[in-house]
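The data block below is query.cif; it holds mmCIF, C-alpha atoms.
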data_entry
loop_
_atom_site.label_atom_id
_atom_site.label_comp_id
_atom_site.auth_asym_id
_atom_site.auth_seq_id
_atom_site.Cartn_x
_atom_site.Cartn_y
_atom_site.Cartn_z
CA MET A 1400 0.81 17.37 -83.28
CA ALA A 1401 -0.07 20.41 -85.37
CA THR A 1402 -1.04 23.53 -83.43
CA THR A 1403 -3.90 25.63 -84.75
CA SER A 1404 -3.32 29.37 -84.67
CA ALA A 1405 -5.92 31.53 -82.94
CA PRO A 1406 -8.45 33.09 -85.34
CA VAL A 1407 -7.71 36.69 -86.28
CA HIS A 1408 -10.30 39.22 -85.11
CA PRO A 1409 -11.94 41.06 -88.08
CA VAL A 1410 -10.46 44.32 -86.73
CA ASP A 1411 -6.92 42.93 -87.20
CA GLU A 1412 -7.45 41.28 -90.60
CA VAL A 1413 -5.35 42.68 -93.45
CA PRO A 1414 -7.31 42.63 -96.75
CA PRO A 1415 -5.47 42.29 -100.11
CA VAL A 1416 -3.80 45.50 -101.37
CA ARG A 1417 -6.46 46.14 -104.03
CA GLN A 1418 -9.24 46.03 -101.42
CA LEU A 1419 -7.19 48.06 -98.95
CA THR A 1420 -6.85 50.85 -101.51
CA ALA A 1421 -10.52 50.84 -102.55
CA PHE A 1422 -11.87 50.66 -98.99
CA GLY A 1423 -9.37 53.26 -97.80
CA LEU A 1424 -10.25 55.69 -100.63
CA GLN A 1425 -13.92 55.27 -99.71
CA HIS A 1426 -13.16 56.45 -96.15
CA VAL A 1427 -11.18 59.43 -97.46
CA LEU A 1428 -14.00 60.55 -99.76
CA ALA A 1429 -16.51 60.16 -96.92
CA MET A 1430 -14.62 62.55 -94.64
CA TYR A 1431 -12.78 64.87 -97.06
CA ALA A 1432 -15.32 67.71 -97.13
CA GLY A 1433 -15.52 67.72 -93.34
CA ALA A 1434 -11.74 67.48 -93.01
CA VAL A 1435 -11.02 70.64 -95.01
CA ALA A 1436 -13.99 72.63 -93.64
CA VAL A 1437 -12.24 73.73 -90.42
CA PRO A 1438 -9.14 75.27 -92.09
CA LEU A 1439 -11.42 76.90 -94.68
CA ILE A 1440 -13.65 78.49 -92.02
CA VAL A 1441 -10.81 79.62 -89.73
CA GLY A 1442 -8.61 80.81 -92.61
CA GLY A 1443 -11.54 82.71 -94.13
CA ALA A 1444 -12.36 84.39 -90.80
CA LEU A 1445 -8.72 85.48 -90.42
CA LYS A 1446 -8.75 86.79 -94.03
CA LEU A 1447 -5.72 84.72 -95.05
CA SER A 1448 -4.43 84.92 -98.62
CA PRO A 1449 -5.35 82.09 -101.05
CA ALA A 1450 -1.76 80.78 -100.79
CA ASP A 1451 -1.91 80.66 -96.97
CA LEU A 1452 -5.35 79.04 -97.11
CA ALA A 1453 -4.04 76.34 -99.46
CA TYR A 1454 -1.11 75.83 -97.06
CA LEU A 1455 -3.53 75.37 -94.12
CA ILE A 1456 -5.51 72.73 -96.05
CA THR A 1457 -2.47 70.68 -97.12
CA ALA A 1458 -1.07 70.85 -93.57
CA ASP A 1459 -4.43 69.66 -92.25
CA LEU A 1460 -4.61 66.70 -94.65
CA LEU A 1461 -1.03 65.66 -93.79
CA VAL A 1462 -1.66 65.70 -90.01
CA CYS A 1463 -5.10 64.06 -90.53
CA GLY A 1464 -3.28 61.15 -92.16
CA ILE A 1465 -0.58 60.92 -89.48
CA ALA A 1466 -3.21 61.15 -86.70
CA THR A 1467 -5.26 58.37 -88.33
CA LEU A 1468 -2.19 56.13 -88.57
CA ILE A 1469 -1.38 56.74 -84.89
CA GLN A 1470 -4.97 55.88 -83.90
CA CYS A 1471 -5.34 52.74 -86.07
CA VAL A 1472 -1.85 51.22 -86.03
CA GLY A 1473 -0.78 52.57 -82.65
CA PHE A 1474 2.49 52.43 -80.75
CA TRP A 1475 3.12 51.87 -77.04
CA ARG A 1476 0.13 53.44 -75.18
CA PHE A 1477 -0.99 55.64 -78.11
CA GLY A 1478 -3.87 54.58 -80.37
CA VAL A 1479 -7.09 52.63 -79.78
CA ARG A 1480 -6.22 50.25 -82.67
CA LEU A 1481 -9.73 50.33 -84.14
CA PRO A 1482 -10.91 51.60 -87.58
CA ILE A 1483 -11.09 55.28 -86.55
CA MET A 1484 -10.50 58.24 -88.89
CA GLN A 1485 -9.13 61.41 -87.32
CA GLY A 1486 -10.04 64.93 -88.40
CA CYS A 1487 -10.19 68.53 -87.16
CA THR A 1488 -12.90 69.04 -84.58
CA PHE A 1489 -15.68 71.54 -85.31
CA ALA A 1490 -15.99 72.23 -81.57
CA ALA A 1491 -12.82 74.35 -81.80
CA VAL A 1492 -13.95 76.56 -84.69
CA SER A 1493 -15.69 79.37 -82.73
CA PRO A 1494 -13.00 79.68 -80.01
CA MET A 1495 -10.21 79.65 -82.63
CA VAL A 1496 -11.88 82.35 -84.73
CA LEU A 1497 -12.31 84.43 -81.56
CA ILE A 1498 -8.65 83.95 -80.54
CA GLY A 1499 -7.39 84.69 -84.05
CA THR A 1500 -9.47 87.82 -84.64
CA THR A 1501 -8.96 89.51 -81.25
CA GLY A 1502 -5.28 90.24 -81.77
CA GLY A 1503 -3.67 86.84 -81.18
CA GLY A 1504 -3.65 85.61 -84.77
CA LEU A 1505 -2.53 82.11 -85.74
CA PRO A 1506 0.44 81.97 -83.26
CA ALA A 1507 -1.97 82.38 -80.30
CA ILE A 1508 -4.26 79.70 -81.76
CA TYR A 1509 -1.36 77.26 -82.14
CA GLY A 1510 -0.04 77.96 -78.64
CA SER A 1511 -3.44 77.14 -77.10
CA VAL A 1512 -3.80 74.04 -79.31
CA ILE A 1513 -0.43 72.65 -78.14
CA VAL A 1514 -1.37 73.15 -74.46
CA ALA A 1515 -4.79 71.53 -75.06
CA GLY A 1516 -3.12 68.51 -76.69
CA LEU A 1517 -0.80 68.06 -73.71
CA ALA A 1518 -3.80 68.35 -71.36
CA ILE A 1519 -5.68 65.64 -73.30
CA MET A 1520 -2.69 63.27 -72.95
CA LEU A 1521 -2.57 63.90 -69.18
CA LEU A 1522 -6.34 63.50 -68.72
CA ALA A 1523 -6.67 60.37 -70.91
CA PRO A 1524 -6.32 57.84 -68.03
CA VAL A 1525 -8.94 59.76 -66.00
CA PHE A 1526 -11.44 59.56 -68.88
CA GLY A 1527 -10.56 55.87 -69.30
CA ARG A 1528 -11.82 55.21 -65.78
CA LEU A 1529 -15.14 56.94 -66.59
CA LEU A 1530 -16.13 54.13 -68.97
CA ARG A 1531 -18.34 52.55 -66.27
CA PHE A 1532 -20.67 55.54 -66.68
CA PHE A 1533 -21.38 54.42 -70.27
CA PRO A 1534 -23.79 51.43 -69.99
CA PRO A 1535 -25.80 50.46 -73.14
CA LEU A 1536 -28.49 52.98 -72.14
CA VAL A 1537 -25.97 55.83 -72.43
CA THR A 1538 -23.91 54.48 -75.34
CA GLY A 1539 -26.98 53.72 -77.46
CA THR A 1540 -28.35 57.21 -76.81
CA VAL A 1541 -25.00 58.85 -77.66
CA ILE A 1542 -24.59 56.83 -80.88
CA LEU A 1543 -28.16 57.77 -81.88
CA ILE A 1544 -27.38 61.47 -81.22
CA ILE A 1545 -24.12 61.26 -83.22
CA GLY A 1546 -26.02 59.92 -86.25
CA VAL A 1547 -28.96 62.32 -86.08
CA SER A 1548 -26.71 65.37 -85.48
CA LEU A 1549 -24.68 64.47 -88.58
CA LEU A 1550 -27.71 64.22 -90.87
CA PRO A 1551 -28.02 68.03 -91.41
CA VAL A 1552 -24.42 67.92 -92.78
CA ALA A 1553 -25.52 65.42 -95.44
CA ASP A 1554 -28.71 67.43 -96.06
CA ASN A 1555 -26.66 70.59 -96.69
CA TRP A 1556 -24.37 68.71 -99.07
CA ALA A 1557 -27.36 67.26 -100.94
CA ALA A 1558 -28.78 70.77 -101.45
CA GLY A 1559 -25.47 72.01 -102.91
CA GLY A 1560 -23.34 72.84 -99.88
CA ALA A 1561 -23.97 75.56 -97.28
CA GLY A 1562 -23.48 78.99 -98.86
CA ALA A 1563 -23.64 77.75 -102.47
CA LYS A 1564 -25.30 80.13 -104.95
CA ASP A 1565 -27.52 77.33 -106.28
CA PHE A 1566 -28.36 75.96 -102.82
CA GLY A 1567 -31.59 73.95 -102.89
CA GLU A 1568 -31.87 73.82 -106.70
CA PRO A 1569 -33.83 70.71 -107.81
CA LYS A 1570 -30.84 69.58 -109.93
CA ASN A 1571 -28.68 69.32 -106.78
CA LEU A 1572 -31.22 67.23 -104.92
CA ALA A 1573 -31.78 65.11 -108.03
CA LEU A 1574 -28.04 64.34 -108.24
CA ALA A 1575 -27.94 63.48 -104.50
CA ALA A 1576 -31.01 61.21 -104.92
CA PHE A 1577 -29.34 59.52 -107.92
CA VAL A 1578 -26.17 58.82 -105.88
CA LEU A 1579 -28.30 57.52 -102.99
CA ALA A 1580 -30.13 55.19 -105.40
CA VAL A 1581 -26.82 53.90 -106.82
CA VAL A 1582 -25.43 53.23 -103.32
CA LEU A 1583 -28.59 51.34 -102.30
CA GLY A 1584 -28.75 49.46 -105.62
CA VAL A 1585 -25.12 48.34 -105.36
CA GLN A 1586 -25.58 47.30 -101.73
CA ARG A 1587 -28.72 45.29 -102.53
CA PHE A 1588 -27.98 43.70 -105.91
CA ALA A 1589 -24.19 43.74 -106.53
CA PRO A 1590 -21.83 40.90 -105.55
CA ALA A 1591 -20.50 41.06 -101.97
CA TYR A 1592 -17.09 42.49 -102.95
CA LEU A 1593 -18.78 45.43 -104.72
CA ALA A 1594 -21.43 45.92 -102.03
CA ARG A 1595 -18.63 46.66 -99.56
CA ILE A 1596 -17.54 49.66 -101.63
CA ALA A 1597 -21.08 50.81 -102.42
CA VAL A 1598 -20.30 54.37 -101.24
CA LEU A 1599 -17.17 54.56 -103.44
CA VAL A 1600 -19.13 53.24 -106.45
CA GLY A 1601 -21.93 55.73 -105.77
CA ILE A 1602 -19.50 58.66 -105.58
CA ALA A 1603 -17.65 57.52 -108.76
CA VAL A 1604 -20.90 57.09 -110.76
CA GLY A 1605 -22.24 60.37 -109.36
CA LEU A 1606 -19.05 62.18 -110.40
CA ALA A 1607 -19.25 60.65 -113.91
CA VAL A 1608 -22.80 62.03 -114.25
CA ALA A 1609 -21.93 65.39 -112.64
CA VAL A 1610 -19.13 66.26 -115.10
CA PRO A 1611 -21.23 66.50 -118.32
CA PHE A 1612 -24.01 68.35 -116.46
CA GLY A 1613 -21.65 71.11 -115.33
CA PHE A 1614 -21.58 70.37 -111.59
CA THR A 1615 -17.78 70.19 -111.36
CA ASP A 1616 -15.10 72.87 -111.36
CA PHE A 1617 -11.56 71.57 -111.88
CA SER A 1618 -9.98 75.01 -112.18
CA GLY A 1619 -8.33 74.62 -108.76
CA VAL A 1620 -6.39 71.57 -109.98
CA GLY A 1621 -4.34 73.61 -112.44
CA ASP A 1622 -3.52 76.23 -109.79
CA ALA A 1623 -2.41 73.69 -107.16
CA ASP A 1624 1.27 72.82 -106.64
CA TRP A 1625 2.58 69.33 -107.30
CA LEU A 1626 4.49 69.16 -104.02
CA GLY A 1627 3.71 70.82 -100.69
CA ILE A 1628 5.60 70.16 -97.48
CA SER A 1629 4.32 71.58 -94.20
CA THR A 1630 7.16 72.88 -92.01
CA PRO A 1631 6.72 73.39 -88.25
CA PHE A 1632 5.66 76.89 -87.07
CA HIS A 1633 5.25 78.21 -90.62
CA PHE A 1634 3.09 81.10 -89.37
CA GLY A 1635 5.42 82.09 -86.53
CA THR A 1636 6.44 80.90 -83.07
CA PRO A 1637 3.38 79.95 -80.96
CA THR A 1638 2.35 82.43 -78.26
CA PHE A 1639 0.70 81.33 -75.03
CA LYS A 1640 -2.15 83.57 -73.84
CA ALA A 1641 -4.10 82.59 -70.71
CA SER A 1642 -7.55 83.42 -72.12
CA ALA A 1643 -6.87 81.48 -75.34
CA ILE A 1644 -5.54 78.47 -73.41
CA ILE A 1645 -8.57 78.37 -71.06
CA SER A 1646 -11.06 78.41 -73.97
CA MET A 1647 -9.09 75.67 -75.76
CA LEU A 1648 -9.02 73.52 -72.59
CA VAL A 1649 -12.83 73.65 -72.58
CA VAL A 1650 -12.71 72.48 -76.22
CA ALA A 1651 -10.39 69.65 -75.13
CA LEU A 1652 -12.98 68.38 -72.64
CA VAL A 1653 -15.69 68.55 -75.31
CA THR A 1654 -13.61 66.66 -77.90
CA MET A 1655 -12.67 64.01 -75.33
CA THR A 1656 -16.38 63.46 -74.63
CA GLU A 1657 -17.14 63.25 -78.37
CA THR A 1658 -14.21 60.91 -79.04
CA THR A 1659 -15.31 58.65 -76.17
CA GLY A 1660 -18.74 58.35 -77.83
CA ASP A 1661 -17.19 57.64 -81.25
CA LEU A 1662 -14.75 55.02 -79.91
CA ILE A 1663 -17.55 53.23 -78.05
CA ALA A 1664 -19.69 53.33 -81.22
CA VAL A 1665 -16.94 51.76 -83.36
CA GLY A 1666 -16.25 49.21 -80.62
CA GLU A 1667 -19.93 48.19 -80.76
CA LEU A 1668 -19.93 48.00 -84.58
CA THR A 1669 -16.73 45.96 -84.83
CA GLY A 1670 -17.40 43.55 -81.98
CA ARG A 1671 -14.32 44.68 -80.05
CA ARG A 1672 -15.65 46.51 -77.03
CA VAL A 1673 -13.63 49.47 -75.82
CA GLU A 1674 -12.09 48.89 -72.37
CA PRO A 1675 -10.85 51.63 -69.98
CA ARG A 1676 -7.22 51.06 -71.03
CA SER A 1677 -7.93 51.15 -74.79
CA LEU A 1678 -10.14 54.23 -74.35
CA ALA A 1679 -7.28 56.01 -72.58
CA ASP A 1680 -4.90 54.94 -75.40
CA GLY A 1681 -7.31 56.36 -78.00
CA LEU A 1682 -7.66 59.67 -76.15
CA ARG A 1683 -3.89 59.85 -75.67
CA ALA A 1684 -3.51 59.51 -79.47
CA ASP A 1685 -5.99 62.41 -79.84
CA GLY A 1686 -3.79 64.51 -77.55
CA LEU A 1687 -0.59 63.68 -79.44
CA SER A 1688 -2.29 64.47 -82.78
CA THR A 1689 -3.48 67.80 -81.38
CA VAL A 1690 0.08 68.71 -80.28
CA LEU A 1691 1.30 67.80 -83.79
CA GLY A 1692 -1.53 69.96 -85.17
CA GLY A 1693 -0.32 72.96 -83.17
CA ALA A 1694 3.27 72.42 -84.33
CA PHE A 1695 2.45 71.75 -88.01
CA ASN A 1696 0.09 74.68 -88.64
CA THR A 1697 -3.26 73.01 -88.16
CA PHE A 1698 -5.84 72.44 -85.42
CA PRO A 1699 -7.14 70.06 -82.68
CA TYR A 1700 -7.92 66.50 -83.80
CA THR A 1701 -10.64 64.08 -82.80
CA ALA A 1702 -12.25 60.83 -83.98
CA PHE A 1703 -14.37 61.61 -87.05
CA ALA A 1704 -18.00 60.56 -86.57
CA GLN A 1705 -18.61 60.69 -90.35
CA ASN A 1706 -16.68 57.45 -90.81
CA VAL A 1707 -18.36 55.53 -87.99
CA GLY A 1708 -21.39 55.08 -90.27
CA LEU A 1709 -19.22 53.75 -93.10
CA VAL A 1710 -17.86 51.00 -90.85
CA GLY A 1711 -21.40 49.99 -89.88
CA MET A 1712 -22.78 50.17 -93.41
CA THR A 1713 -20.03 48.28 -95.26
CA ARG A 1714 -19.32 45.84 -92.39
CA VAL A 1715 -15.61 46.16 -93.25
CA ARG A 1716 -14.12 46.18 -89.76
CA SER A 1717 -10.37 46.05 -90.46
CA ARG A 1718 -8.36 48.85 -88.86
CA TRP A 1719 -5.78 48.43 -91.64
CA VAL A 1720 -8.36 49.72 -94.15
CA VAL A 1721 -8.57 52.99 -92.22
CA ALA A 1722 -4.76 52.99 -91.84
CA ALA A 1723 -4.62 52.84 -95.67
CA ALA A 1724 -7.00 55.85 -95.70
CA GLY A 1725 -4.51 57.62 -93.40
CA GLY A 1726 -1.74 56.87 -95.92
CA ILE A 1727 -3.87 58.33 -98.73
CA LEU A 1728 -4.45 61.50 -96.66
CA VAL A 1729 -0.68 61.87 -96.12
CA LEU A 1730 -0.23 61.65 -99.91
CA LEU A 1731 -2.96 64.25 -100.46
CA GLY A 1732 -1.19 66.50 -97.95
CA LEU A 1733 2.15 66.14 -99.73
CA LEU A 1734 0.64 66.41 -103.25
CA PRO A 1735 -1.76 69.40 -103.28
CA LYS A 1736 -2.73 68.72 -106.91
CA LEU A 1737 -4.24 65.36 -105.90
CA GLY A 1738 -6.06 67.07 -103.05
CA ALA A 1739 -7.54 69.59 -105.49
CA VAL A 1740 -8.93 66.75 -107.64
CA VAL A 1741 -10.72 65.25 -104.62
CA ALA A 1742 -11.94 68.73 -103.59
CA ALA A 1743 -13.67 69.09 -106.99
CA ILE A 1744 -16.22 66.37 -106.15
CA PRO A 1745 -19.58 68.23 -106.04
CA ALA A 1746 -21.33 68.52 -102.66
CA PRO A 1747 -24.57 66.80 -103.84
CA VAL A 1748 -22.58 63.66 -104.72
CA LEU A 1749 -21.22 63.53 -101.15
CA GLY A 1750 -24.70 64.33 -99.81
CA GLY A 1751 -26.30 61.30 -101.44
CA ALA A 1752 -23.68 59.01 -99.89
CA GLY A 1753 -23.75 60.84 -96.56
CA LEU A 1754 -27.47 60.25 -96.06
CA VAL A 1755 -26.89 56.49 -95.96
CA MET A 1756 -23.75 56.65 -93.81
CA PHE A 1757 -25.01 59.04 -91.16
CA GLY A 1758 -28.39 57.33 -91.03
CA THR A 1759 -26.52 54.08 -90.38
CA VAL A 1760 -24.90 55.61 -87.28
CA ALA A 1761 -28.32 56.59 -85.89
CA ALA A 1762 -29.71 53.12 -86.66
CA SER A 1763 -26.72 51.55 -84.84
CA GLY A 1764 -27.68 53.56 -81.76
CA LEU A 1765 -31.21 52.18 -81.97
CA ARG A 1766 -29.77 48.66 -82.24
CA THR A 1767 -27.78 49.20 -79.02
CA LEU A 1768 -30.85 50.61 -77.26
CA ALA A 1769 -32.80 47.48 -78.28
CA SER A 1770 -30.82 45.57 -75.61
CA VAL A 1771 -31.95 47.98 -72.85
CA ASP A 1772 -34.93 47.15 -70.63
CA PHE A 1773 -37.51 49.97 -70.77
CA ARG A 1774 -40.17 48.30 -68.59
CA GLY A 1775 -40.98 49.60 -65.12
CA ASN A 1776 -38.21 52.22 -65.06
CA ASP A 1777 -37.33 55.71 -66.30
CA ASN A 1778 -34.96 54.72 -69.09
CA LEU A 1779 -37.30 56.09 -71.77
CA THR A 1780 -37.09 59.50 -70.07
CA VAL A 1781 -33.26 59.32 -70.11
CA VAL A 1782 -33.24 58.68 -73.88
CA ALA A 1783 -35.99 61.22 -74.65
CA VAL A 1784 -34.46 64.16 -72.77
CA SER A 1785 -30.88 63.38 -73.89
CA VAL A 1786 -31.89 63.28 -77.57
CA ALA A 1787 -33.95 66.48 -77.13
CA VAL A 1788 -31.03 68.36 -75.53
CA GLY A 1789 -28.61 66.99 -78.13
CA MET A 1790 -30.85 68.15 -80.98
CA LEU A 1791 -31.31 71.71 -79.66
CA PRO A 1792 -28.13 73.18 -81.24
CA VAL A 1793 -28.65 71.05 -84.36
CA GLY A 1794 -32.20 72.28 -84.98
CA VAL A 1795 -31.58 75.87 -83.80
CA PRO A 1796 -27.84 76.66 -84.27
CA THR A 1797 -28.20 80.12 -82.65
CA VAL A 1798 -29.99 78.86 -79.53
CA TYR A 1799 -27.05 79.55 -77.17
CA GLU A 1800 -25.59 82.68 -78.76
CA LYS A 1801 -26.54 84.86 -75.76
CA PHE A 1802 -24.66 82.57 -73.36
CA PRO A 1803 -20.98 82.83 -72.24
CA ASP A 1804 -18.33 81.50 -74.64
CA TRP A 1805 -17.39 78.50 -72.47
CA PHE A 1806 -21.06 77.42 -72.29
CA GLN A 1807 -21.43 77.75 -76.06
CA THR A 1808 -18.30 75.65 -76.63
CA VAL A 1809 -19.75 72.79 -74.57
CA MET A 1810 -23.42 72.98 -75.57
CA ASN A 1811 -23.14 74.00 -79.24
CA SER A 1812 -21.93 70.46 -79.94
CA GLY A 1813 -25.06 68.34 -79.95
CA ILE A 1814 -22.92 65.26 -79.34
CA SER A 1815 -21.27 66.55 -76.15
CA ALA A 1816 -24.52 68.17 -74.89
CA GLY A 1817 -26.49 64.94 -75.40
CA CYS A 1818 -23.70 62.76 -74.01
CA LEU A 1819 -23.38 64.79 -70.79
CA THR A 1820 -27.18 64.81 -70.39
CA ALA A 1821 -27.38 61.01 -70.85
CA ILE A 1822 -24.62 60.41 -68.24
CA VAL A 1823 -26.22 62.74 -65.67
CA LEU A 1824 -29.75 61.37 -66.18
CA ASN A 1825 -28.55 57.75 -66.00
CA LEU A 1826 -26.88 58.55 -62.65
CA LEU A 1827 -29.99 60.40 -61.45
CA PHE A 1828 -32.51 57.69 -62.33
CA ASN A 1829 -30.47 54.48 -62.07
CA HIS A 1830 -27.79 55.06 -59.43
CA LEU A 1831 -29.39 57.20 -56.73
CA PRO A 1832 -31.45 55.40 -54.05
CA ALA A 1833 -34.81 54.21 -55.38
CA LYS A 1834 -38.01 56.14 -54.69
CA ALA A 1835 -40.00 55.03 -51.64
CA ASP A 1836 -42.89 53.71 -53.76
CA SER A 1837 -40.69 51.64 -56.10
CA ALA A 1838 -40.98 47.86 -56.02
CA PRO A 1839 -38.81 46.28 -53.30
CA GLY A 1840 -35.70 44.55 -54.61
CA ALA A 1841 -36.03 46.08 -58.07
CA VAL A 1842 -32.75 46.52 -59.91
CA PRO A 1843 -32.49 49.70 -62.01
CA SER A 1844 -31.95 48.63 -65.61
CA GLY A 1845 -29.20 51.05 -66.54
CA ALA A 1846 -27.20 50.19 -63.46
CA GLU A 1847 -26.35 46.55 -63.91
CA SER A 1848 -24.06 47.24 -66.85
CA ALA A 1849 -22.79 50.59 -65.60
#
Spit out the file's structure as structure tokens when you get a sec.
Amino acid sequence: MATTSAPVHPVDEVPPVRQLTAFGLQHVLAMYAGAVAVPLIVGGALKLSPADLAYLITADLLVCGIATLIQCVGFWRFGVRLPIMQGCTFAAVSPMVLIGTTGGGLPAIYGSVIVAGLAIMLLAPVFGRLLRFFPPLVTGTVILIIGVSLLPVADNWAAGGAGAKDFGEPKNLALAAFVLAVVLGVQRFAPAYLARIAVLVGIAVGLAVAVPFGFTDFSGVGDADWLGISTPFHFGTPTFKASAIISMLVVALVTMTETTGDLIAVGELTGRRVEPRSLADGLRADGLSTVLGGAFNTFPYTAFAQNVGLVGMTRVRSRWVVAAAGGILVLLGLLPKLGAVVAAIPAPVLGGAGLVMFGTVAASGLRTLASVDFRGNDNLTVVAVSVAVGMLPVGVPTVYEKFPDWFQTVMNSGISAGCLTAIVLNLLFNHLPAKADSAPGAVPSGAESA
């Protein structure tokens, strides 16, 4: 009697090589600008030479790729084995600039990053057990906050990129609108196989239009080396300073909170819910990647929220697609000239695509919240206040600048601020004893799935 093999979950499906490459490249283009932003900001603040800055970027791309492979493919108890891209966390930027400019330099940054990575690996099982505090009320709110807090990134790209001389010029917004229209048109009218790479098609068509209109600058391609290999401790042996380590441990807690939100979001989108054990495995991979970052001249790593929207929008759920993206990033890290070509894509082109992707993340949060009961309870208050607190640093980036550094590190990330607020308010309204005037026998809605 013939035995039928169990059906393969969409997360574990391996598409044909041609699709793997196209889907993987789409993920790389979606996160590239964000991936190189951290080394650019930190290197610029430390006044590094152009050669050292280029070295930082190639090292970052290499470790981005390795970190993504660890997260998607996984080995032993490392890696969540979901379609998750890894990239440098923005939560670490301010503390790293402070450490680097107050006498410690890059060696002090890397020492604190290595310790933070080890701490994340040790704390991963603890965070895994906190998953019961993430019922749909909290996860939906966090996913909504992730999407909405990313939208200003796409808005800045659409206007020409923060700090650009022609920021806000009508031609930039027109190019972004054109790319957005192409993405939507392909998704609506093209055959299914093309609709799945709508973002890639939009970026390619946008780039083809941008070149004759003078949006692109390929001068960096000629200057870039063909081969670049990042060697451990290129900028000197790491130094371990107590103040630097403490600030980076705060960053570690923030990134673990953000990663937890991202992993839960991707679990919802792919139909493979994240369990306490798999969450711990994903966080442990974050920690290992961060240790590698400290050793190979780059920074702390976390799940990249930018790519969560791409998974939801394209409905391509295979983790091997994102593993292919990791392989492409490794190539870009080893071949700086290729990286320079990708870097020449104008910001408005990425902005047009980003508007769809990041909006998709927010819409996914609303879809999760649709399963929550809002009648006869305070769940609406939980969502309202959490979103409001999460949006504070997004709408007013300087709102916490008078506060201590550790407070800024936690609260300047809208994702971590909103996530912590949602957890606390869910406990307050749905887990504490009911008010005396509440209906007898009523079950708080957020609690039954907590």
Taking all atoms listed in the file into account, produce a table as a Markdown table in which each residue of stretch 1559-1609 of chain A with an atom at most 12 Å from an atom of stretch 1428-1434 of chain A appears once, together with its shortest atom pair and the distance in Å to one decimal, ordered by chain and rising number.
| residue | atom | partner | partner_atom | distance |
| --- | --- | --- | --- | --- |
| A:Gly1560 | CA | A:Ala1432 | CA | 9.9 |
| A:Ala1561 | CA | A:Ala1432 | CA | 11.7 |
| A:Ile1596 | CA | A:Ala1429 | CA | 11.6 |
| A:Ala1597 | CA | A:Ala1429 | CA | 11.8 |
| A:Val1598 | CA | A:Ala1429 | CA | 8.2 |
| A:Leu1599 | CA | A:Leu1428 | CA | 7.7 |
| A:Val1600 | CA | A:Leu1428 | CA | 11.2 |
| A:Gly1601 | CA | A:Leu1428 | CA | 11.1 |
| A:Ile1602 | CA | A:Leu1428 | CA | 8.2 |
| A:Ala1603 | CA | A:Leu1428 | CA | 10.2 |
| A:Leu1606 | CA | A:Leu1428 | CA | 11.9 |
Dump of C-alpha atoms for the selected residues, as a PDB file, in the frame of the given file:
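Written output follows (selection_27.pdb):
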ATOM      1  CA  GLY A1560     -23.340  72.840 -99.880  1.00  0.00           C
ATOM      2  CA  ALA A1561     -23.970  75.560 -97.280  1.00  0.00           C
ATOM      3  CA  ILE A1596     -17.540  49.660-101.630  1.00  0.00           C
ATOM      4  CA  ALA A1597     -21.080  50.810-102.420  1.00  0.00           C
ATOM      5  CA  VAL A1598     -20.300  54.370-101.240  1.00  0.00           C
ATOM      6  CA  LEU A1599     -17.170  54.560-103.440  1.00  0.00           C
ATOM      7  CA  VAL A1600     -19.130  53.240-106.450  1.00  0.00           C
ATOM      8  CA  GLY A1601     -21.930  55.730-105.770  1.00  0.00           C
ATOM      9  CA  ILE A1602     -19.500  58.660-105.580  1.00  0.00           C
ATOM     10  CA  ALA A1603     -17.650  57.520-108.760  1.00  0.00           C
ATOM     11  CA  LEU A1606     -19.050  62.180-110.400  1.00  0.00           C
TER      12      LEU A1606
END
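Every protein, DNA or RNA residue with an atom at most 8 Å from A:Phe1526, where all atoms listed in the file count and chain neighbours fewer than 5 positions away do not, is listed here: Met1655, Leu1678 and Ala1679 of chain A.
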* Of the residues A:Ala1523, A:Ile1545, A:Val1784, A:Val1710, which is the one nearest to A:Ser1812, using only C-alpha atoms? ->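 Using only C-alpha atoms, the shortest distance to A:Ser1812 belongs to A:Ile1545.
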* To do: Do a neighbour search on A:Ala1453 at 10 Å with all atoms listed in the file, toss out local chain neighbours closer than 2 positions, and write the hits as a list in words.
  =>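 That gives Pro1438, Leu1439, Gly1442, Leu1447, Ser1448, Pro1449, Ala1450, Asp1451, Leu1455, Ile1456, Thr1457, Ala1458, Asp1459, Ala1623, Asp1624, Gly1627, Pro1735 and Ala1739 of chain A.
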* Among the residues A:Phe1577, A:Trp1625, A:Phe1489, A:Phe1422, the one that comes closest to A:Tyr1700 [using only C-alpha atoms] ->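 The answer is A:Phe1489, which sits nearest to A:Tyr1700.
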* Hey, can you check how far atom CA of A:Arg1718 sits from atom CA of A:Leu1583? ->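 Taking atom CA of A:Arg1718 as the start and atom CA of A:Leu1583 as the end point, the length is 24.4 Å.
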* Asked: Out of A:Leu1521, A:Phe1588, A:Gly1711, A:Ala1694, which residue has the shortest atom-to-atom distance to A:Gly1670 when counting all atoms listed in the file?
  -> A:Gly1711
* Asked: Quick one, how far is atom CA of A:Ile1508 from atom CA of A:Phe1477?
  ->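 Separating atom CA of A:Ile1508 from atom CA of A:Phe1477 is a distance of 24.6 Å.
The set of residues that the PyMOL selection byres ((chain A and resi 1676) around 9) takes from this file is Arg1476, Val1479, Pro1524, Gly1527, Arg1528, Val1673, Glu1674, Pro1675, Ser1677, Leu1678, Ala1679, Asp1680 and Gly1681 of chain A.
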* What does the distance from atom CA of A:Gly1423 to atom CA of A:Leu1728 come to in Å, to one decimal? ->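 The value is 9.7 Å.
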* Asked: Which residue gives the smallest distance to A:Gly1546 among A:Gly1660, A:Pro1796, A:Gly1562, A:Gly1686, with all atoms listed in the file counted?
  ->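 Closest to A:Gly1546, using all atoms listed in the file: A:Gly1660.
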